[in-house]
$ cat entry.cif   # mmCIF, N, CA and C atoms
data_final
loop_
_atom_site.label_atom_id
_atom_site.label_comp_id
_atom_site.auth_asym_id
_atom_site.auth_seq_id
_atom_site.Cartn_x
_atom_site.Cartn_y
_atom_site.Cartn_z
N GLN O 1 -10.10 -12.64 12.18
CA GLN O 1 -8.74 -12.21 11.90
C GLN O 1 -8.62 -11.86 10.42
N VAL O 2 -8.18 -10.65 10.15
CA VAL O 2 -8.01 -10.20 8.77
C VAL O 2 -6.73 -10.79 8.20
N GLN O 3 -6.83 -11.29 7.00
CA GLN O 3 -5.65 -11.78 6.29
C GLN O 3 -5.47 -10.97 5.02
N LEU O 4 -4.23 -10.63 4.73
CA LEU O 4 -3.89 -9.82 3.57
C LEU O 4 -2.87 -10.57 2.72
N VAL O 5 -3.14 -10.64 1.44
CA VAL O 5 -2.22 -11.34 0.53
C VAL O 5 -1.89 -10.41 -0.63
N GLU O 6 -0.61 -10.03 -0.71
CA GLU O 6 -0.15 -9.17 -1.80
C GLU O 6 0.27 -10.00 -3.00
N SER O 7 0.19 -9.39 -4.16
CA SER O 7 0.67 -10.02 -5.38
C SER O 7 1.02 -8.94 -6.39
N GLY O 8 1.75 -9.35 -7.42
CA GLY O 8 2.06 -8.44 -8.50
C GLY O 8 3.49 -7.96 -8.55
N GLY O 9 4.25 -8.20 -7.52
CA GLY O 9 5.63 -7.74 -7.52
C GLY O 9 6.48 -8.55 -8.50
N ARG O 10 7.41 -7.86 -9.12
CA ARG O 10 8.32 -8.52 -10.07
C ARG O 10 9.44 -7.57 -10.43
N LEU O 11 10.30 -8.01 -11.32
CA LEU O 11 11.39 -7.20 -11.85
C LEU O 11 10.85 -6.35 -13.00
N VAL O 12 11.15 -5.07 -12.95
CA VAL O 12 10.70 -4.16 -14.00
C VAL O 12 11.81 -3.15 -14.28
N GLN O 13 11.85 -2.67 -15.49
CA GLN O 13 12.88 -1.68 -15.84
C GLN O 13 12.48 -0.28 -15.36
N ALA O 14 13.46 0.53 -15.10
CA ALA O 14 13.19 1.92 -14.72
C ALA O 14 12.34 2.59 -15.79
N GLY O 15 11.38 3.37 -15.33
CA GLY O 15 10.46 4.03 -16.24
C GLY O 15 9.21 3.22 -16.52
N GLY O 16 9.23 1.97 -16.12
CA GLY O 16 8.09 1.09 -16.36
C GLY O 16 7.01 1.23 -15.33
N SER O 17 5.98 0.42 -15.48
CA SER O 17 4.82 0.45 -14.60
C SER O 17 4.56 -0.93 -14.01
N LEU O 18 3.86 -0.92 -12.89
CA LEU O 18 3.53 -2.16 -12.21
C LEU O 18 2.29 -1.92 -11.38
N ARG O 19 1.45 -2.93 -11.28
CA ARG O 19 0.28 -2.82 -10.39
C ARG O 19 0.33 -3.94 -9.36
N LEU O 20 0.33 -3.53 -8.11
CA LEU O 20 0.26 -4.49 -7.02
C LEU O 20 -1.19 -4.64 -6.57
N SER O 21 -1.49 -5.83 -6.08
CA SER O 21 -2.82 -6.10 -5.54
C SER O 21 -2.69 -6.63 -4.12
N CYS O 22 -3.70 -6.36 -3.32
CA CYS O 22 -3.75 -6.89 -1.96
C CYS O 22 -5.17 -7.37 -1.72
N ALA O 23 -5.33 -8.67 -1.58
CA ALA O 23 -6.64 -9.25 -1.33
C ALA O 23 -6.83 -9.44 0.16
N ALA O 24 -7.97 -8.95 0.66
CA ALA O 24 -8.27 -9.04 2.09
C ALA O 24 -9.37 -10.06 2.34
N SER O 25 -9.25 -10.73 3.45
CA SER O 25 -10.29 -11.68 3.86
C SER O 25 -10.37 -11.70 5.38
N GLY O 26 -11.49 -12.20 5.88
CA GLY O 26 -11.63 -12.35 7.32
C GLY O 26 -12.27 -11.17 8.01
N GLY O 27 -12.69 -10.18 7.26
CA GLY O 27 -13.34 -9.02 7.85
C GLY O 27 -14.14 -8.28 6.81
N THR O 28 -14.94 -7.33 7.25
CA THR O 28 -15.72 -6.54 6.30
C THR O 28 -14.81 -5.52 5.65
N PHE O 29 -14.53 -5.73 4.38
CA PHE O 29 -13.50 -4.94 3.69
C PHE O 29 -13.82 -3.46 3.72
N SER O 30 -15.07 -3.12 3.58
CA SER O 30 -15.44 -1.71 3.53
C SER O 30 -15.27 -1.01 4.87
N ASN O 31 -14.97 -1.75 5.91
CA ASN O 31 -14.68 -1.17 7.22
C ASN O 31 -13.19 -1.04 7.49
N LEU O 32 -12.39 -1.41 6.50
CA LEU O 32 -10.95 -1.38 6.67
C LEU O 32 -10.33 -0.18 5.99
N ARG O 33 -9.52 0.55 6.73
CA ARG O 33 -8.65 1.56 6.13
C ARG O 33 -7.40 0.81 5.69
N MET O 34 -6.96 1.05 4.46
CA MET O 34 -5.88 0.28 3.87
C MET O 34 -4.67 1.15 3.55
N GLY O 35 -3.51 0.52 3.61
CA GLY O 35 -2.29 1.26 3.29
C GLY O 35 -1.25 0.37 2.64
N TRP O 36 -0.29 1.02 2.01
CA TRP O 36 0.87 0.33 1.44
C TRP O 36 2.12 0.95 2.07
N PHE O 37 3.03 0.08 2.47
CA PHE O 37 4.33 0.47 2.98
C PHE O 37 5.38 -0.30 2.19
N ARG O 38 6.62 0.14 2.29
CA ARG O 38 7.69 -0.58 1.63
C ARG O 38 8.95 -0.55 2.49
N GLN O 39 9.76 -1.56 2.28
CA GLN O 39 11.02 -1.63 3.01
C GLN O 39 12.12 -2.07 2.06
N ALA O 40 13.08 -1.20 1.88
CA ALA O 40 14.23 -1.50 1.04
C ALA O 40 15.31 -2.14 1.91
N PRO O 41 16.22 -2.87 1.30
CA PRO O 41 17.28 -3.54 2.06
C PRO O 41 18.06 -2.55 2.92
N GLY O 42 18.20 -2.86 4.18
CA GLY O 42 18.97 -2.03 5.07
C GLY O 42 18.29 -0.75 5.51
N LYS O 43 17.03 -0.60 5.16
CA LYS O 43 16.31 0.63 5.51
C LYS O 43 15.08 0.32 6.34
N GLU O 44 14.56 1.37 6.96
CA GLU O 44 13.34 1.24 7.75
C GLU O 44 12.14 1.11 6.83
N ARG O 45 11.08 0.51 7.36
CA ARG O 45 9.84 0.45 6.60
C ARG O 45 9.28 1.86 6.48
N GLU O 46 8.82 2.21 5.28
CA GLU O 46 8.31 3.56 5.08
C GLU O 46 6.93 3.54 4.44
N PHE O 47 6.20 4.58 4.74
CA PHE O 47 4.85 4.74 4.21
C PHE O 47 4.89 5.08 2.73
N VAL O 48 3.97 4.50 1.98
CA VAL O 48 3.84 4.81 0.55
C VAL O 48 2.53 5.55 0.29
N THR O 49 1.43 4.90 0.67
CA THR O 49 0.12 5.49 0.39
C THR O 49 -0.95 4.80 1.23
N ALA O 50 -2.09 5.47 1.38
CA ALA O 50 -3.21 4.89 2.13
C ALA O 50 -4.53 5.37 1.55
N ILE O 51 -5.58 4.64 1.86
CA ILE O 51 -6.90 5.00 1.34
C ILE O 51 -7.93 4.75 2.44
N SER O 52 -8.89 5.64 2.52
CA SER O 52 -9.92 5.54 3.54
C SER O 52 -10.87 4.38 3.25
N ARG O 53 -11.72 4.12 4.20
CA ARG O 53 -12.59 2.94 4.12
C ARG O 53 -13.50 2.95 2.90
N ARG O 54 -13.99 4.12 2.56
CA ARG O 54 -14.90 4.20 1.40
C ARG O 54 -14.17 4.62 0.13
N GLY O 55 -12.89 4.91 0.27
CA GLY O 55 -12.10 5.27 -0.89
C GLY O 55 -12.11 6.75 -1.23
N GLY O 56 -12.77 7.55 -0.42
CA GLY O 56 -12.91 8.95 -0.73
C GLY O 56 -11.70 9.80 -0.42
N THR O 57 -10.82 9.29 0.43
CA THR O 57 -9.63 10.04 0.82
C THR O 57 -8.39 9.18 0.61
N THR O 58 -7.39 9.78 -0.01
CA THR O 58 -6.12 9.08 -0.21
C THR O 58 -4.97 9.93 0.32
N TYR O 59 -3.90 9.26 0.65
CA TYR O 59 -2.70 9.91 1.19
C TYR O 59 -1.49 9.33 0.46
N TYR O 60 -0.53 10.19 0.17
CA TYR O 60 0.66 9.75 -0.54
C TYR O 60 1.92 10.34 0.08
N ALA O 61 2.97 9.52 0.11
CA ALA O 61 4.27 10.05 0.47
C ALA O 61 4.72 10.98 -0.66
N ASP O 62 5.47 12.00 -0.31
CA ASP O 62 5.93 12.96 -1.32
C ASP O 62 6.73 12.28 -2.42
N SER O 63 7.45 11.24 -2.06
CA SER O 63 8.35 10.59 -3.02
C SER O 63 7.59 9.86 -4.14
N VAL O 64 6.29 9.60 -3.93
CA VAL O 64 5.53 8.85 -4.95
C VAL O 64 4.37 9.66 -5.52
N LYS O 65 4.13 10.82 -4.96
CA LYS O 65 2.99 11.63 -5.39
C LYS O 65 3.08 11.94 -6.88
N GLY O 66 1.99 11.71 -7.58
CA GLY O 66 1.94 11.98 -9.01
C GLY O 66 2.35 10.79 -9.86
N ARG O 67 2.94 9.78 -9.24
CA ARG O 67 3.36 8.60 -10.00
C ARG O 67 2.65 7.33 -9.54
N PHE O 68 2.29 7.27 -8.27
CA PHE O 68 1.62 6.10 -7.72
C PHE O 68 0.16 6.45 -7.45
N THR O 69 -0.72 5.46 -7.61
CA THR O 69 -2.14 5.65 -7.32
C THR O 69 -2.67 4.46 -6.55
N ILE O 70 -3.34 4.74 -5.45
CA ILE O 70 -3.99 3.69 -4.68
C ILE O 70 -5.48 3.70 -5.00
N SER O 71 -6.05 2.52 -5.06
CA SER O 71 -7.49 2.41 -5.29
C SER O 71 -7.99 1.14 -4.62
N ARG O 72 -9.30 1.04 -4.50
CA ARG O 72 -9.86 -0.16 -3.89
C ARG O 72 -11.13 -0.57 -4.63
N ASP O 73 -11.34 -1.88 -4.65
CA ASP O 73 -12.53 -2.45 -5.26
C ASP O 73 -13.28 -3.16 -4.15
N GLN O 74 -14.35 -2.54 -3.68
CA GLN O 74 -15.08 -3.09 -2.55
C GLN O 74 -15.69 -4.45 -2.86
N ALA O 75 -16.07 -4.64 -4.11
CA ALA O 75 -16.71 -5.90 -4.50
C ALA O 75 -15.71 -7.05 -4.50
N LYS O 76 -14.45 -6.72 -4.76
CA LYS O 76 -13.43 -7.77 -4.83
C LYS O 76 -12.58 -7.85 -3.57
N ASN O 77 -12.89 -7.00 -2.59
CA ASN O 77 -12.12 -6.99 -1.33
C ASN O 77 -10.63 -6.82 -1.61
N THR O 78 -10.32 -5.94 -2.52
CA THR O 78 -8.95 -5.79 -2.97
C THR O 78 -8.56 -4.32 -3.05
N VAL O 79 -7.34 -4.04 -2.65
CA VAL O 79 -6.77 -2.71 -2.82
C VAL O 79 -5.60 -2.83 -3.80
N TYR O 80 -5.45 -1.79 -4.61
CA TYR O 80 -4.43 -1.81 -5.66
C TYR O 80 -3.45 -0.67 -5.47
N LEU O 81 -2.24 -0.90 -5.96
CA LEU O 81 -1.24 0.16 -6.02
C LEU O 81 -0.69 0.18 -7.44
N GLN O 82 -1.09 1.20 -8.17
CA GLN O 82 -0.58 1.39 -9.53
C GLN O 82 0.67 2.25 -9.44
N MET O 83 1.76 1.74 -9.95
CA MET O 83 3.03 2.44 -9.86
C MET O 83 3.53 2.72 -11.28
N ASN O 84 3.69 3.98 -11.59
CA ASN O 84 4.18 4.41 -12.90
C ASN O 84 5.52 5.12 -12.77
N SER O 85 6.21 5.22 -13.88
CA SER O 85 7.51 5.92 -13.91
C SER O 85 8.40 5.44 -12.78
N LEU O 86 8.53 4.15 -12.69
CA LEU O 86 9.28 3.58 -11.59
C LEU O 86 10.75 3.92 -11.65
N LYS O 87 11.32 4.14 -10.47
CA LYS O 87 12.74 4.46 -10.34
C LYS O 87 13.43 3.33 -9.57
N PRO O 88 14.73 3.17 -9.76
CA PRO O 88 15.45 2.10 -9.04
C PRO O 88 15.28 2.20 -7.53
N GLU O 89 15.12 3.42 -7.01
CA GLU O 89 14.97 3.56 -5.56
C GLU O 89 13.63 3.04 -5.05
N ALA O 90 12.76 2.66 -5.94
CA ALA O 90 11.50 2.04 -5.53
C ALA O 90 11.66 0.55 -5.22
N THR O 91 12.84 0.03 -5.47
CA THR O 91 13.11 -1.38 -5.16
C THR O 91 12.94 -1.63 -3.67
N ALA O 92 12.05 -2.57 -3.35
CA ALA O 92 11.72 -2.83 -1.95
C ALA O 92 10.72 -3.97 -1.88
N VAL O 93 10.51 -4.44 -0.68
CA VAL O 93 9.38 -5.31 -0.42
C VAL O 93 8.20 -4.41 -0.07
N TYR O 94 7.11 -4.62 -0.76
CA TYR O 94 5.91 -3.80 -0.55
C TYR O 94 4.90 -4.57 0.30
N TYR O 95 4.46 -3.91 1.35
CA TYR O 95 3.53 -4.53 2.29
C TYR O 95 2.19 -3.83 2.26
N CYS O 96 1.15 -4.63 2.30
CA CYS O 96 -0.20 -4.13 2.45
C CYS O 96 -0.55 -4.14 3.94
N ALA O 97 -1.27 -3.12 4.38
CA ALA O 97 -1.64 -3.02 5.79
C ALA O 97 -3.09 -2.59 5.91
N ALA O 98 -3.70 -2.95 7.04
CA ALA O 98 -5.11 -2.63 7.22
C ALA O 98 -5.42 -2.39 8.69
N THR O 99 -6.47 -1.60 8.91
CA THR O 99 -6.96 -1.37 10.26
C THR O 99 -8.44 -1.04 10.21
N PHE O 100 -9.15 -1.44 11.26
CA PHE O 100 -10.56 -1.07 11.38
C PHE O 100 -10.70 0.32 11.99
N SER O 101 -9.61 0.85 12.48
CA SER O 101 -9.66 2.16 13.12
C SER O 101 -10.00 3.25 12.12
N LEU O 102 -10.83 4.19 12.56
CA LEU O 102 -11.21 5.30 11.69
C LEU O 102 -10.05 6.25 11.48
N GLY O 103 -9.17 6.34 12.46
CA GLY O 103 -8.14 7.36 12.42
C GLY O 103 -8.77 8.73 12.64
N ASP O 104 -7.99 9.76 12.42
CA ASP O 104 -8.52 11.11 12.61
C ASP O 104 -8.51 11.93 11.32
N GLY O 105 -8.24 11.24 10.22
CA GLY O 105 -8.26 11.92 8.93
C GLY O 105 -6.98 12.63 8.57
N THR O 106 -6.01 12.60 9.47
CA THR O 106 -4.78 13.32 9.19
C THR O 106 -3.76 12.41 8.50
N TYR O 107 -2.86 13.04 7.77
CA TYR O 107 -1.78 12.31 7.11
C TYR O 107 -0.91 11.62 8.15
N SER O 108 -0.70 12.27 9.25
CA SER O 108 0.17 11.74 10.29
C SER O 108 -0.28 10.36 10.75
N VAL O 109 -1.57 10.22 10.98
CA VAL O 109 -2.09 8.93 11.43
C VAL O 109 -2.14 7.94 10.29
N ALA O 110 -2.58 8.39 9.14
CA ALA O 110 -2.71 7.48 7.98
C ALA O 110 -1.37 6.90 7.56
N SER O 111 -0.31 7.64 7.80
CA SER O 111 1.01 7.22 7.33
C SER O 111 1.83 6.48 8.38
N GLY O 112 1.29 6.36 9.57
CA GLY O 112 2.03 5.71 10.63
C GLY O 112 1.82 4.20 10.65
N ALA O 113 2.93 3.47 10.59
CA ALA O 113 2.83 2.01 10.62
C ALA O 113 2.14 1.52 11.90
N TYR O 114 2.32 2.28 12.98
CA TYR O 114 1.74 1.90 14.27
C TYR O 114 0.21 1.87 14.21
N ALA O 115 -0.36 2.58 13.24
CA ALA O 115 -1.81 2.72 13.16
C ALA O 115 -2.50 1.54 12.49
N TYR O 116 -1.70 0.60 11.98
CA TYR O 116 -2.25 -0.53 11.25
C TYR O 116 -2.09 -1.81 12.06
N ASP O 117 -3.14 -2.60 12.05
CA ASP O 117 -3.16 -3.79 12.89
C ASP O 117 -2.87 -5.08 12.13
N TYR O 118 -3.07 -5.06 10.84
CA TYR O 118 -2.91 -6.27 10.04
C TYR O 118 -1.94 -6.00 8.89
N TRP O 119 -1.11 -6.99 8.64
CA TRP O 119 -0.07 -6.83 7.62
C TRP O 119 0.00 -8.08 6.76
N GLY O 120 0.28 -7.85 5.47
CA GLY O 120 0.56 -8.96 4.59
C GLY O 120 2.02 -9.37 4.70
N GLN O 121 2.38 -10.37 3.94
CA GLN O 121 3.76 -10.88 4.00
C GLN O 121 4.69 -10.16 3.03
N GLY O 122 4.13 -9.37 2.16
CA GLY O 122 4.94 -8.56 1.27
C GLY O 122 5.15 -9.17 -0.10
N THR O 123 5.42 -8.30 -1.05
CA THR O 123 5.74 -8.73 -2.42
C THR O 123 6.93 -7.92 -2.90
N GLN O 124 7.88 -8.59 -3.52
CA GLN O 124 9.14 -7.94 -3.92
C GLN O 124 8.96 -7.19 -5.23
N VAL O 125 9.37 -5.94 -5.21
CA VAL O 125 9.44 -5.13 -6.43
C VAL O 125 10.90 -4.75 -6.65
N THR O 126 11.39 -5.06 -7.83
CA THR O 126 12.76 -4.72 -8.16
C THR O 126 12.76 -3.89 -9.44
N VAL O 127 13.35 -2.71 -9.36
CA VAL O 127 13.40 -1.82 -10.52
C VAL O 127 14.85 -1.73 -10.96
N SER O 128 15.10 -2.18 -12.17
CA SER O 128 16.46 -2.18 -12.69
C SER O 128 16.73 -0.89 -13.46
N SER O 129 17.97 -0.44 -13.37
CA SER O 129 18.33 0.82 -14.04
C SER O 129 18.82 0.57 -15.46
#
$ encode --input "entry.cif" --output "structure tokens"
Amino acid sequence: QVQLVESGGRLVQAGGSLRLSCAASGGTFSNLRMGWFRQAPGKEREFVTAISRRGGTTYYADSVKGRFTISRDQAKNTVYLQMNSLKPEATAVYYCAATFSLGDGTYSVASGAYAYDYWGQGTQVTVSS
């Protein structure tokens, strides 16, 4: 059973930066496709970004493209989300997700919450204006 533990969420001012981490255990990390989702109060969970098993392919929601970067460290079994130029609308609980499924390489599959089998408990990010 894969376990995911997020960390790094905190209160930050608009325009600031933050790096979230997600440590995975219980499975071969390099076989996991990883993703980040977020859920703001009163809103549906939404896709933020994802990265392929070897890290060669990344996917981003339009709302974060150019400001957020996903990366993974295979040696540390950890995926990161670097968030720059943060806006108040980024305030949400951020969830790490994982799946052993290869997917089909499309954004549609990579961005679908249904495509992920394992989820962390989330870390709160609050961006003040």
$ closest_residue --input "entry.cif" --among "O:Arg72, O:Arg19, O:Lys87, O:Arg45" --to "Ala113 of chain O" --atoms "only C-alpha atoms"
O:Arg45
$ closest_residue --input "entry.cif" --among "O:Thr106, O:Ser63, O:Thr99, O:Thr49" --to "Trp119 of chain O" --atoms "all atoms listed in the file"
O:Thr99
$ resolve_selection --input "entry.cif" --expression "the PyMOL selection byres ((chain O and resi 38) around 6.5)" --output "JSON, numbers by chain"
{"O": [36, 37, 39, 40, 44, 45, 46, 47, 48, 92, 93, 94, 95]}
$ residues_around --input "entry.cif" --residues "Ala98 of chain O" --least-positions-apart "5" --cutoff "5 Å" --atoms "all atoms listed in the file" --output "number ranges by chain"
O: 33-35, 116-118
$ atom_distance --input "entry.cif" --atom1 "atom N of Gly9 of chain O" --atom2 "atom C of Ser108 of chain O"
26.4 Å
$ decode --input "entry.cif" --residues "segment 54-82 of chain O" --atoms "N, CA, C and O atoms" --output "mmCIF file, in the first residue's frame"
data_model
loop_
_atom_site.group_PDB
_atom_site.id
_atom_site.type_symbol
_atom_site.label_atom_id
_atom_site.label_comp_id
_atom_site.auth_asym_id
_atom_site.auth_seq_id
_atom_site.Cartn_x
_atom_site.Cartn_y
_atom_site.Cartn_z
ATOM 1 N N ARG O 54 9.216 8.660 -14.883
ATOM 2 C CA ARG O 54 10.657 8.944 -14.956
ATOM 3 C C ARG O 54 10.948 10.441 -14.908
ATOM 4 O O ARG O 54 12.106 10.842 -14.895
ATOM 5 N N GLY O 55 9.888 11.230 -14.879
ATOM 6 C CA GLY O 55 10.063 12.671 -14.785
ATOM 7 C C GLY O 55 10.221 13.379 -16.116
ATOM 8 O O GLY O 55 10.424 14.594 -16.158
ATOM 9 N N GLY O 56 10.116 12.641 -17.204
ATOM 10 C CA GLY O 56 10.348 13.233 -18.505
ATOM 11 C C GLY O 56 9.192 14.037 -19.054
ATOM 12 O O GLY O 56 9.371 14.854 -19.965
ATOM 13 N N THR O 57 8.005 13.813 -18.517
ATOM 14 C CA THR O 57 6.819 14.523 -18.998
ATOM 15 C C THR O 57 6.096 15.163 -17.825
ATOM 16 O O THR O 57 5.895 14.533 -16.791
ATOM 17 N N THR O 58 5.731 16.420 -18.013
ATOM 18 C CA THR O 58 4.974 17.129 -16.989
ATOM 19 C C THR O 58 3.718 17.737 -17.604
ATOM 20 O O THR O 58 3.662 17.997 -18.815
ATOM 21 N N TYR O 59 2.741 17.958 -16.757
ATOM 22 C CA TYR O 59 1.453 18.527 -17.175
ATOM 23 C C TYR O 59 1.080 19.612 -16.170
ATOM 24 O O TYR O 59 1.295 19.437 -14.968
ATOM 25 N N TYR O 60 0.516 20.698 -16.676
ATOM 26 C CA TYR O 60 0.135 21.801 -15.806
ATOM 27 C C TYR O 60 -1.240 22.326 -16.167
ATOM 28 O O TYR O 60 -1.587 22.440 -17.344
ATOM 29 N N ALA O 61 -1.989 22.695 -15.131
ATOM 30 C CA ALA O 61 -3.221 23.423 -15.370
ATOM 31 C C ALA O 61 -2.853 24.805 -15.901
ATOM 32 O O ALA O 61 -1.825 25.379 -15.524
ATOM 33 N N ASP O 62 -3.701 25.348 -16.749
ATOM 34 C CA ASP O 62 -3.420 26.668 -17.334
ATOM 35 C C ASP O 62 -3.234 27.735 -16.258
ATOM 36 O O ASP O 62 -2.448 28.666 -16.420
ATOM 37 N N SER O 63 -3.949 27.592 -15.165
ATOM 38 C CA SER O 63 -3.929 28.622 -14.124
ATOM 39 C C SER O 63 -2.580 28.712 -13.403
ATOM 40 O O SER O 63 -2.299 29.703 -12.733
ATOM 41 N N VAL O 64 -1.740 27.674 -13.529
ATOM 42 C CA VAL O 64 -0.459 27.684 -12.813
ATOM 43 C C VAL O 64 0.737 27.634 -13.757
ATOM 44 O O VAL O 64 1.888 27.747 -13.306
ATOM 45 N N LYS O 65 0.475 27.460 -15.031
ATOM 46 C CA LYS O 65 1.560 27.314 -16.002
ATOM 47 C C LYS O 65 2.475 28.527 -15.968
ATOM 48 O O LYS O 65 2.018 29.667 -15.971
ATOM 49 N N GLY O 66 3.766 28.276 -15.892
ATOM 50 C CA GLY O 66 4.742 29.356 -15.866
ATOM 51 C C GLY O 66 5.085 29.832 -14.466
ATOM 52 O O GLY O 66 6.065 30.557 -14.275
ATOM 53 N N ARG O 67 4.287 29.430 -13.486
ATOM 54 C CA ARG O 67 4.554 29.861 -12.108
ATOM 55 C C ARG O 67 4.838 28.677 -11.187
ATOM 56 O O ARG O 67 5.574 28.822 -10.203
ATOM 57 N N PHE O 68 4.258 27.533 -11.479
ATOM 58 C CA PHE O 68 4.456 26.344 -10.655
ATOM 59 C C PHE O 68 5.335 25.353 -11.418
ATOM 60 O O PHE O 68 5.269 25.257 -12.648
ATOM 61 N N THR O 69 6.140 24.599 -10.673
ATOM 62 C CA THR O 69 6.992 23.576 -11.277
ATOM 63 C C THR O 69 6.937 22.307 -10.443
ATOM 64 O O THR O 69 7.148 22.350 -9.223
ATOM 65 N N ILE O 70 6.677 21.199 -11.108
ATOM 66 C CA ILE O 70 6.700 19.911 -10.439
ATOM 67 C C ILE O 70 8.020 19.211 -10.768
ATOM 68 O O ILE O 70 8.538 19.331 -11.884
ATOM 69 N N SER O 71 8.543 18.515 -9.789
ATOM 70 C CA SER O 71 9.771 17.753 -10.003
ATOM 71 C C SER O 71 9.757 16.551 -9.064
ATOM 72 O O SER O 71 8.947 16.487 -8.146
ATOM 73 N N ARG O 72 10.655 15.620 -9.329
ATOM 74 C CA ARG O 72 10.731 14.448 -8.463
ATOM 75 C C ARG O 72 12.187 14.055 -8.252
ATOM 76 O O ARG O 72 13.032 14.220 -9.137
ATOM 77 N N ASP O 73 12.433 13.521 -7.065
ATOM 78 C CA ASP O 73 13.757 13.028 -6.708
ATOM 79 C C ASP O 73 13.605 11.544 -6.454
ATOM 80 O O ASP O 73 13.069 11.133 -5.417
ATOM 81 N N GLN O 74 14.051 10.738 -7.413
ATOM 82 C CA GLN O 74 13.852 9.300 -7.314
ATOM 83 C C GLN O 74 14.596 8.709 -6.120
ATOM 84 O O GLN O 74 14.143 7.745 -5.502
ATOM 85 N N ALA O 75 15.730 9.298 -5.785
ATOM 86 C CA ALA O 75 16.535 8.774 -4.682
ATOM 87 C C ALA O 75 15.860 9.019 -3.335
ATOM 88 O O ALA O 75 16.049 8.252 -2.388
ATOM 89 N N LYS O 76 15.079 10.102 -3.270
ATOM 90 C CA LYS O 76 14.434 10.452 -2.003
ATOM 91 C C LYS O 76 12.958 10.050 -1.966
ATOM 92 O O LYS O 76 12.268 10.341 -0.988
ATOM 93 N N ASN O 77 12.486 9.432 -3.045
ATOM 94 C CA ASN O 77 11.073 9.020 -3.113
ATOM 95 C C ASN O 77 10.144 10.196 -2.832
ATOM 96 O O ASN O 77 9.140 10.064 -2.116
ATOM 97 N N THR O 78 10.483 11.319 -3.403
ATOM 98 C CA THR O 78 9.759 12.544 -3.101
ATOM 99 C C THR O 78 9.443 13.317 -4.374
ATOM 100 O O THR O 78 10.275 13.406 -5.283
ATOM 101 N N VAL O 79 8.259 13.882 -4.402
ATOM 102 C CA VAL O 79 7.871 14.791 -5.479
ATOM 103 C C VAL O 79 7.672 16.173 -4.864
ATOM 104 O O VAL O 79 7.226 16.304 -3.721
ATOM 105 N N TYR O 80 8.039 17.181 -5.644
ATOM 106 C CA TYR O 80 7.996 18.557 -5.152
ATOM 107 C C TYR O 80 7.073 19.401 -6.019
ATOM 108 O O TYR O 80 6.896 19.142 -7.207
ATOM 109 N N LEU O 81 6.530 20.429 -5.392
ATOM 110 C CA LEU O 81 5.760 21.435 -6.122
ATOM 111 C C LEU O 81 6.307 22.794 -5.713
ATOM 112 O O LEU O 81 6.098 23.243 -4.584
ATOM 113 N N GLN O 82 7.041 23.399 -6.631
ATOM 114 C CA GLN O 82 7.560 24.743 -6.409
ATOM 115 C C GLN O 82 6.531 25.734 -6.915
ATOM 116 O O GLN O 82 6.157 25.690 -8.092
#
